[in-house]
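*Asks:* So here's work13.cif, just mmCIF, C-alpha atoms and all ligand atoms:
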```
data_my_file
#
loop_
_atom_site.group_PDB
_atom_site.id
_atom_site.type_symbol
_atom_site.label_atom_id
_atom_site.label_comp_id
_atom_site.auth_asym_id
_atom_site.auth_seq_id
_atom_site.Cartn_x
_atom_site.Cartn_y
_atom_site.Cartn_z
ATOM 1 C CA MET A 1 -147.793 65.800 -39.653
ATOM 2 C CA LYS A 2 -150.121 66.380 -42.570
ATOM 3 C CA VAL A 3 -149.168 69.070 -45.013
ATOM 4 C CA PHE A 4 -151.913 70.573 -47.096
ATOM 5 C CA TRP A 5 -151.186 72.353 -50.329
ATOM 6 C CA VAL A 6 -153.659 75.128 -50.881
ATOM 7 C CA PRO A 7 -153.599 76.575 -54.377
ATOM 8 C CA LYS A 8 -153.544 80.353 -54.466
ATOM 9 C CA LEU A 9 -156.580 81.400 -56.457
ATOM 10 C CA PRO A 10 -156.170 84.025 -59.113
ATOM 11 C CA VAL A 11 -158.552 86.921 -58.675
ATOM 12 C CA SER A 12 -160.395 85.866 -61.806
ATOM 13 C CA ASN A 13 -161.878 82.913 -59.880
ATOM 14 C CA LEU A 14 -163.887 85.377 -57.856
ATOM 15 C CA LEU A 15 -165.242 87.272 -60.766
ATOM 16 C CA GLU A 16 -168.448 87.494 -62.635
ATOM 17 C CA GLU A 17 -167.872 86.992 -66.288
ATOM 18 C CA GLY A 18 -166.573 90.194 -67.795
ATOM 19 C CA ARG A 19 -165.641 91.787 -64.453
ATOM 20 C CA GLU A 20 -162.001 92.434 -63.837
ATOM 21 C CA ILE A 21 -161.966 93.587 -60.247
ATOM 22 C CA VAL A 22 -163.631 92.444 -57.038
ATOM 23 C CA ASN A 23 -163.860 94.689 -53.996
ATOM 24 C CA LEU A 24 -164.820 93.468 -50.542
ATOM 25 C CA ILE A 25 -165.567 95.001 -47.161
ATOM 26 C CA LEU A 26 -164.937 93.105 -43.931
ATOM 27 C CA LEU A 27 -167.200 94.368 -41.133
ATOM 28 C CA GLY A 28 -167.302 93.374 -37.505
ATOM 29 C CA PRO A 29 -166.828 94.738 -34.001
ATOM 30 C CA PRO A 30 -163.346 95.467 -32.653
ATOM 31 C CA GLY A 31 -161.812 92.198 -31.494
ATOM 32 C CA ALA A 32 -163.875 90.075 -33.901
ATOM 33 C CA GLY A 33 -160.742 88.880 -35.678
ATOM 34 C CA LYS A 34 -161.057 91.168 -38.712
ATOM 35 C CA GLY A 35 -157.315 91.721 -39.040
ATOM 36 C CA THR A 36 -156.483 88.003 -39.013
ATOM 37 C CA GLN A 37 -159.210 87.087 -41.483
ATOM 38 C CA ALA A 38 -158.458 90.073 -43.702
ATOM 39 C CA GLU A 39 -154.837 88.967 -44.105
ATOM 40 C CA LYS A 40 -155.881 85.438 -45.007
ATOM 41 C CA ILE A 41 -158.564 86.539 -47.486
ATOM 42 C CA ALA A 42 -156.365 89.146 -49.145
ATOM 43 C CA SER A 43 -153.508 86.721 -49.578
ATOM 44 C CA PHE A 44 -155.667 83.826 -50.792
ATOM 45 C CA PHE A 45 -157.618 85.888 -53.324
ATOM 46 C CA SER A 46 -154.751 88.275 -54.225
ATOM 47 C CA LEU A 47 -156.503 91.408 -53.011
ATOM 48 C CA THR A 48 -154.937 94.567 -51.599
ATOM 49 C CA HIS A 49 -155.594 94.593 -47.854
ATOM 50 C CA ILE A 50 -156.495 98.096 -46.707
ATOM 51 C CA SER A 51 -156.762 98.482 -42.923
ATOM 52 C CA THR A 52 -157.405 102.070 -41.850
ATOM 53 C CA GLY A 53 -156.544 101.223 -38.213
ATOM 54 C CA GLU A 54 -153.199 99.766 -39.326
ATOM 55 C CA LEU A 55 -152.502 102.768 -41.568
ATOM 56 C CA PHE A 56 -153.188 105.091 -38.621
ATOM 57 C CA ARG A 57 -150.957 103.041 -36.304
ATOM 58 C CA GLN A 58 -148.118 103.326 -38.834
ATOM 59 C CA GLU A 59 -148.610 107.096 -39.045
ATOM 60 C CA VAL A 60 -148.618 107.335 -35.234
ATOM 61 C CA SER A 61 -145.401 105.330 -34.933
ATOM 62 C CA LYS A 62 -143.724 107.519 -37.596
ATOM 63 C CA LYS A 63 -144.994 110.586 -35.723
ATOM 64 C CA THR A 64 -146.329 112.180 -38.910
ATOM 65 C CA SER A 65 -148.806 115.047 -38.666
ATOM 66 C CA LEU A 66 -151.583 112.682 -39.793
ATOM 67 C CA GLY A 67 -150.554 110.315 -36.989
ATOM 68 C CA MET A 68 -150.494 113.127 -34.446
ATOM 69 C CA GLN A 69 -153.983 114.213 -35.505
ATOM 70 C CA ALA A 70 -155.319 110.647 -35.222
ATOM 71 C CA LYS A 71 -153.625 109.577 -31.972
ATOM 72 C CA GLY A 72 -155.901 111.317 -29.442
ATOM 73 C CA PHE A 73 -159.034 109.905 -31.041
ATOM 74 C CA MET A 74 -157.543 106.411 -31.158
ATOM 75 C CA ASP A 75 -156.407 106.537 -27.528
ATOM 76 C CA ARG A 76 -159.923 107.490 -26.454
ATOM 77 C CA GLY A 77 -161.528 104.782 -28.609
ATOM 78 C CA GLU A 78 -163.268 107.422 -30.750
ATOM 79 C CA LEU A 79 -163.478 107.563 -34.503
ATOM 80 C CA VAL A 80 -160.918 109.746 -36.265
ATOM 81 C CA PRO A 81 -162.872 112.545 -38.061
ATOM 82 C CA ASP A 82 -164.238 111.581 -41.465
ATOM 83 C CA GLU A 83 -162.297 114.175 -43.478
ATOM 84 C CA ILE A 84 -158.981 112.743 -42.236
ATOM 85 C CA VAL A 85 -160.003 109.118 -42.899
ATOM 86 C CA LEU A 86 -161.495 109.884 -46.308
ATOM 87 C CA ALA A 87 -158.432 111.764 -47.549
ATOM 88 C CA MET A 88 -156.244 108.841 -46.510
ATOM 89 C CA ILE A 89 -158.489 106.148 -48.033
ATOM 90 C CA GLN A 90 -158.908 108.060 -51.294
ATOM 91 C CA SER A 91 -155.183 107.992 -51.985
ATOM 92 C CA VAL A 92 -154.810 104.314 -51.031
ATOM 93 C CA ILE A 93 -157.740 103.205 -53.209
ATOM 94 C CA SER A 94 -156.616 105.190 -56.200
ATOM 95 C CA GLU A 95 -153.181 103.503 -55.969
ATOM 96 C CA SER A 96 -154.675 100.006 -55.679
ATOM 97 C CA GLN A 97 -154.276 98.049 -58.911
ATOM 98 C CA ASN A 98 -156.066 94.863 -57.833
ATOM 99 C CA GLY A 99 -159.367 94.441 -56.183
ATOM 100 C CA PHE A 100 -159.205 95.391 -52.520
ATOM 101 C CA LEU A 101 -160.398 94.250 -49.130
ATOM 102 C CA LEU A 102 -161.377 97.061 -46.772
ATOM 103 C CA ASP A 103 -160.843 96.279 -43.079
ATOM 104 C CA GLY A 104 -162.041 98.862 -40.519
ATOM 105 C CA PHE A 105 -163.569 101.144 -43.134
ATOM 106 C CA PRO A 106 -166.294 102.367 -43.542
ATOM 107 C CA ARG A 107 -167.025 102.912 -39.833
ATOM 108 C CA ASN A 108 -170.149 105.045 -40.214
ATOM 109 C CA VAL A 109 -172.826 105.618 -42.854
ATOM 110 C CA GLU A 110 -171.269 108.935 -43.989
ATOM 111 C CA GLN A 111 -168.016 107.108 -44.794
ATOM 112 C CA ALA A 112 -169.986 104.405 -46.640
ATOM 113 C CA LYS A 113 -171.744 107.008 -48.765
ATOM 114 C CA ALA A 114 -168.490 108.854 -49.461
ATOM 115 C CA LEU A 115 -166.893 105.540 -50.466
ATOM 116 C CA GLY A 116 -169.740 104.890 -52.899
ATOM 117 C CA THR A 117 -169.193 108.274 -54.543
ATOM 118 C CA MET A 118 -165.419 107.757 -54.649
ATOM 119 C CA LEU A 119 -165.752 104.330 -56.278
ATOM 120 C CA GLY A 120 -168.515 105.447 -58.640
ATOM 121 C CA SER A 121 -166.269 108.152 -60.055
ATOM 122 C CA GLN A 122 -163.685 105.446 -60.900
ATOM 123 C CA ASN A 123 -166.278 103.028 -62.274
ATOM 124 C CA LEU A 124 -165.744 100.691 -59.346
ATOM 125 C CA ARG A 125 -168.142 99.214 -56.802
ATOM 126 C CA ILE A 126 -168.329 97.085 -53.657
ATOM 127 C CA ASP A 127 -169.205 93.482 -54.563
ATOM 128 C CA HIS A 128 -169.606 91.848 -51.148
ATOM 129 C CA VAL A 129 -169.699 92.821 -47.480
ATOM 130 C CA LEU A 130 -168.631 90.100 -45.054
ATOM 131 C CA SER A 131 -169.929 90.665 -41.532
ATOM 132 C CA LEU A 132 -168.108 88.831 -38.741
ATOM 133 C CA GLU A 133 -170.625 88.099 -35.983
ATOM 134 C CA VAL A 134 -169.181 87.677 -32.476
ATOM 135 C CA PRO A 135 -171.065 88.141 -29.149
ATOM 136 C CA GLU A 136 -169.850 91.015 -26.959
ATOM 137 C CA ASP A 137 -168.638 88.878 -24.027
ATOM 138 C CA VAL A 138 -166.323 86.935 -26.367
ATOM 139 C CA ILE A 139 -165.040 90.189 -27.855
ATOM 140 C CA VAL A 140 -164.159 91.756 -24.504
ATOM 141 C CA GLU A 141 -162.281 88.596 -23.484
ATOM 142 C CA ARG A 142 -160.328 88.575 -26.777
ATOM 143 C CA MET A 143 -159.449 92.259 -26.596
ATOM 144 C CA VAL A 144 -158.244 92.113 -23.006
ATOM 145 C CA SER A 145 -155.877 89.251 -23.911
ATOM 146 C CA ARG A 146 -154.636 91.071 -27.072
ATOM 147 C CA GLY A 147 -153.018 93.854 -25.015
ATOM 148 C CA ARG A 148 -152.879 96.575 -27.708
ATOM 149 C CA SER A 149 -152.415 100.128 -26.379
ATOM 150 C CA ASP A 150 -156.047 101.020 -27.177
ATOM 151 C CA ASP A 151 -157.275 97.773 -25.560
ATOM 152 C CA HIS A 152 -157.528 99.376 -22.100
ATOM 153 C CA PRO A 153 -160.903 98.418 -20.430
ATOM 154 C CA ASP A 154 -162.403 101.964 -20.643
ATOM 155 C CA THR A 155 -161.295 102.341 -24.263
ATOM 156 C CA ILE A 156 -162.701 98.907 -25.124
ATOM 157 C CA LYS A 157 -166.073 99.942 -23.672
ATOM 158 C CA ASN A 158 -166.029 103.124 -25.702
ATOM 159 C CA ARG A 159 -165.005 101.371 -28.921
ATOM 160 C CA LEU A 160 -167.834 98.885 -28.511
ATOM 161 C CA SER A 161 -170.432 101.598 -27.991
ATOM 162 C CA VAL A 162 -169.057 103.562 -30.967
ATOM 163 C CA TYR A 163 -169.387 100.335 -32.965
ATOM 164 C CA ARG A 164 -172.980 99.772 -31.867
ATOM 165 C CA GLU A 165 -174.058 103.338 -32.549
ATOM 166 C CA GLN A 166 -172.100 104.248 -35.671
ATOM 167 C CA THR A 167 -170.816 101.123 -37.420
ATOM 168 C CA GLN A 168 -173.757 98.760 -36.968
ATOM 169 C CA PRO A 169 -175.861 101.026 -39.272
ATOM 170 C CA VAL A 170 -173.233 100.487 -42.005
ATOM 171 C CA LYS A 171 -174.271 96.837 -42.064
ATOM 172 C CA GLU A 172 -177.920 97.873 -42.516
ATOM 173 C CA PHE A 173 -176.861 100.302 -45.263
ATOM 174 C CA TYR A 174 -175.241 97.504 -47.276
ATOM 175 C CA ALA A 175 -177.910 94.931 -46.316
ATOM 176 C CA GLU A 176 -180.471 97.119 -48.083
ATOM 177 C CA GLN A 177 -178.340 96.723 -51.198
ATOM 178 C CA GLY A 178 -178.288 92.933 -50.722
ATOM 179 C CA LEU A 179 -174.508 92.819 -50.287
ATOM 180 C CA VAL A 180 -174.128 91.471 -46.733
ATOM 181 C CA HIS A 181 -173.067 87.925 -45.824
ATOM 182 C CA GLU A 182 -172.969 87.077 -42.113
ATOM 183 C CA VAL A 183 -170.170 84.835 -40.860
ATOM 184 C CA ASN A 184 -169.978 83.237 -37.410
ATOM 185 C CA GLY A 185 -166.738 84.783 -36.096
ATOM 186 C CA SER A 186 -166.723 82.843 -32.792
ATOM 187 C CA GLN A 187 -165.350 79.733 -34.453
ATOM 188 C CA LYS A 188 -161.660 78.803 -34.828
ATOM 189 C CA VAL A 189 -159.654 81.019 -37.197
ATOM 190 C CA ASP A 190 -159.449 78.371 -39.938
ATOM 191 C CA THR A 191 -163.138 77.497 -39.649
ATOM 192 C CA VAL A 192 -164.101 81.162 -40.030
ATOM 193 C CA PHE A 193 -161.853 81.410 -43.078
ATOM 194 C CA ASP A 194 -163.403 78.264 -44.599
ATOM 195 C CA SER A 195 -166.885 79.745 -44.132
ATOM 196 C CA ILE A 196 -165.761 82.905 -45.916
ATOM 197 C CA CYS A 197 -164.286 80.906 -48.787
ATOM 198 C CA GLN A 198 -167.589 79.105 -49.182
ATOM 199 C CA LEU A 199 -169.371 82.438 -49.443
ATOM 200 C CA LEU A 200 -166.974 83.553 -52.146
ATOM 201 C CA PRO A 201 -167.175 80.561 -54.468
ATOM 202 C CA LYS A 202 -164.483 79.934 -57.005
ATOM 203 C CA GLY A 203 -167.159 79.942 -59.650
ATOM 204 C CA GLY A 204 -167.762 83.669 -59.438
ATOM 205 C CA VAL A 205 -169.430 86.507 -57.632
ATOM 206 C CA GLN A 206 -173.191 86.034 -57.553
HETATM 207 P P1 LIG A 301 -158.941 99.297 -35.774
HETATM 208 O O1 LIG A 301 -157.559 98.760 -35.857
HETATM 209 O O2 LIG A 301 -159.709 99.126 -37.043
HETATM 210 O O3 LIG A 301 -159.689 98.790 -34.561
HETATM 211 O O4 LIG A 301 -158.797 100.884 -35.584
HETATM 212 C C1 LIG A 301 -158.127 101.446 -34.463
HETATM 213 C C2 LIG A 301 -158.582 102.905 -34.283
HETATM 214 O O5 LIG A 301 -158.257 103.667 -35.463
HETATM 215 C C3 LIG A 301 -160.095 103.088 -34.120
HETATM 216 O O6 LIG A 301 -160.529 102.900 -32.783
HETATM 217 C C4 LIG A 301 -160.275 104.527 -34.589
HETATM 218 O O7 LIG A 301 -159.846 105.445 -33.603
HETATM 219 C C5 LIG A 301 -159.278 104.605 -35.745
HETATM 220 N N1 LIG A 301 -159.931 104.233 -37.034
HETATM 221 C C6 LIG A 301 -159.651 103.159 -37.818
HETATM 222 N N2 LIG A 301 -160.428 103.134 -38.908
HETATM 223 C C7 LIG A 301 -161.223 104.217 -38.821
HETATM 224 C C8 LIG A 301 -162.267 104.740 -39.638
HETATM 225 N N3 LIG A 301 -162.655 104.140 -40.769
HETATM 226 N N4 LIG A 301 -162.879 105.888 -39.233
HETATM 227 C C9 LIG A 301 -162.504 106.518 -38.101
HETATM 228 N N5 LIG A 301 -161.553 106.075 -37.279
HETATM 229 C C10 LIG A 301 -160.906 104.936 -37.624
#
```
Starting from the file, lay out its structure as structure tokens.
Ligand code: AMP
*Replies:*
Amino acid sequence: MKVFWVPKLPVSNLLEEGREIVNLILLGPPGAGKGTQAEKIASFFSLTHISTGELFRQEVSKKTSLGMQAKGFMDRGELVPDEIVLAMIQSVISESQNGFLLDGFPRNVEQAKALGTMLGSQNLRIDHVLSLEVPEDVIVERMVSRGRSDDHPDTIKNRLSVYREQTQPVKEFYAEQGLVHEVNGSQKVDTVFDSICQLLPKGGVQ
């Protein structure tokens, strides 16, 4: 068995000269492998991984009032209303000391604009948006085999149409700012991660 030693890069390797923080967004349809890649990227580049879906699932399992408010929307494959998501993300971002990697947020253009305002007021910005590209037939297959409670066939259909109608425009929103990098998400997990690492060169953020 071959054992590879992969050095953990300090965040500074990702940075433009003079910048101290790098903030990334990972976009992609449900089932594209965002969670898996997000964990790998966050750990490798020492970023805080912020997954709104995961935060909601924790609130639901703790039966908090936030969780109770979110549950119905999640079960139906709908987006949780913006005011609930934004209040939650605001507190997580303001506590984050490192750069961060957003996974599952923003999910519509209103959230993207609100994020811009939120970051602007703290002198922060989004540096890169990584878009995982996976065809729909592959996604449905992956989600059915994942077996999460909101991976029921009707919910999957709804989540995909919500993605097409509301989240796809987020990619256009950031593409107009020249921030989007597309990544082929149909490849093996490690190959996808390698492609992402090549987009985020050690030499700095271009
Ligand atoms: P995810 O794990 O990212 O697929 O999210 C699971 C569910 O949580 C989604 O289907 C939504 O109901 C809810 N959710 C997660 N992130 C957001 C967001 N940014 N805006 C609205 N709803 C969200």
*Asks:* Can you build me a table of chain A residues sitting at most 9 Å from ligand LIG 301 (chain A), with the closest atom pair per residue and its distance in Å to one decimal, using all atoms listed in the file, sorted by chain and residue number, as a Markdown table?
*Replies:*
```
| residue | atom | partner | partner_atom | distance |
| --- | --- | --- | --- | --- |
| A:Pro29 | CA | A:LIG301 | O3 | 8.2 |
| A:Pro30 | CA | A:LIG301 | O3 | 5.3 |
| A:Gly31 | CA | A:LIG301 | O3 | 7.6 |
| A:Lys34 | CA | A:LIG301 | O2 | 8.2 |
| A:Gly35 | CA | A:LIG301 | O1 | 7.7 |
| A:Ser51 | CA | A:LIG301 | O2 | 6.6 |
| A:Thr52 | CA | A:LIG301 | N2 | 4.4 |
| A:Gly53 | CA | A:LIG301 | O4 | 3.5 |
| A:Glu54 | CA | A:LIG301 | O1 | 5.7 |
| A:Leu55 | CA | A:LIG301 | C6 | 8.1 |
| A:Phe56 | CA | A:LIG301 | O5 | 6.1 |
| A:Arg57 | CA | A:LIG301 | O5 | 7.4 |
| A:Ala70 | CA | A:LIG301 | O7 | 7.1 |
| A:Lys71 | CA | A:LIG301 | O7 | 7.6 |
| A:Gly72 | CA | A:LIG301 | O7 | 8.2 |
| A:Phe73 | CA | A:LIG301 | O7 | 5.2 |
| A:Met74 | CA | A:LIG301 | O7 | 3.5 |
| A:Asp75 | CA | A:LIG301 | O7 | 7.1 |
| A:Arg76 | CA | A:LIG301 | O7 | 7.4 |
| A:Gly77 | CA | A:LIG301 | O6 | 4.7 |
| A:Glu78 | CA | A:LIG301 | O7 | 4.9 |
| A:Leu79 | CA | A:LIG301 | N5 | 3.7 |
| A:Val80 | CA | A:LIG301 | N5 | 3.9 |
| A:Pro81 | CA | A:LIG301 | C9 | 6.0 |
| A:Asp82 | CA | A:LIG301 | N4 | 6.3 |
| A:Ile84 | CA | A:LIG301 | C9 | 8.3 |
| A:Val85 | CA | A:LIG301 | N4 | 5.7 |
| A:Leu86 | CA | A:LIG301 | N3 | 8.1 |
| A:Ile89 | CA | A:LIG301 | N3 | 8.6 |
| A:Asp103 | CA | A:LIG301 | O2 | 6.8 |
| A:Gly104 | CA | A:LIG301 | O2 | 4.2 |
| A:Phe105 | CA | A:LIG301 | N3 | 3.9 |
| A:Pro106 | CA | A:LIG301 | N3 | 4.9 |
| A:Arg107 | CA | A:LIG301 | N3 | 4.6 |
| A:Asn108 | CA | A:LIG301 | N4 | 7.4 |
| A:Gln111 | CA | A:LIG301 | N3 | 7.3 |
| A:Asp150 | CA | A:LIG301 | O6 | 7.4 |
| A:Thr155 | CA | A:LIG301 | O6 | 8.6 |
| A:Ile156 | CA | A:LIG301 | O6 | 8.9 |
| A:Asn158 | CA | A:LIG301 | O6 | 9.0 |
| A:Arg159 | CA | A:LIG301 | O6 | 6.1 |
| A:Val162 | CA | A:LIG301 | O6 | 8.7 |
```
*Asks:* Rounded to one decimal place, report the CA of Ser186 in chain A-CA of Gln166 in chain A distance in Å.
*Replies:*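 Taking CA of Ser186 in chain A as the start and CA of Gln166 in chain A as the end point, the length is 22.3 Å.
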*Asks:* Since I can't run it myself right now, could you work out what the PyMOL selection byres (((chain A and resi 143) around 10) and not hetatm) selects here and report it as a list in words?
*Replies:*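 Those residues are Pro30, Gly31, Ala32, Gly33, Val138, Ile139, Val140, Glu141, Arg142, Val144, Ser145, Arg146, Gly147, Arg148, Asp150, Asp151, His152, Pro153 and Ile156 of chain A.
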*Asks:* Starting from the PyMOL selection byres (((chain A and resi 185) around 9) and not hetatm), expand the selection into actual residues of this file and give them as a list in words.
*Replies:*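 This file gives the following for the PyMOL selection byres (((chain A and resi 185) around 9) and not hetatm): Gly28, Ala32, Gly33, Lys34, Ser131, Leu132, Glu133, Val134, Pro135, Glu182, Val183, Asn184, Ser186, Gln187, Lys188, Val189, Thr191 and Val192 of chain A.
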*Asks:* Please enumerate the residues selected by the PyMOL selection byres (((chain A and resi 179) around 9) and not hetatm) when evaluated against the supplied file, formatted as JSON, numbers by chain.
*Replies:* {"A": [126, 127, 128, 129, 130, 174, 175, 176, 177, 178, 180, 181]}
*Asks:* One number please: CA of Tyr163 in chain A to CA of Leu24 in chain A, in Å, one decimal.
*Replies:* 19.4 Å
*Asks:* Just the residues within 8 Å of Arg125 in chain A, please, counting all atoms listed in the file, with nothing from its chain fewer than 3 positions along; format it as a PyMOL selection string.
*Replies:* chain A and resi 23+116+119-120
*Asks:* Between A:Thr48, A:Gln37, A:Thr64, A:Gln122, which residue has the minimum interatomic distance to Val92 in chain A, considering all atoms listed in the file?
*Replies:*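 Selected residue with least distance to Val92 in chain A: A:Thr48.
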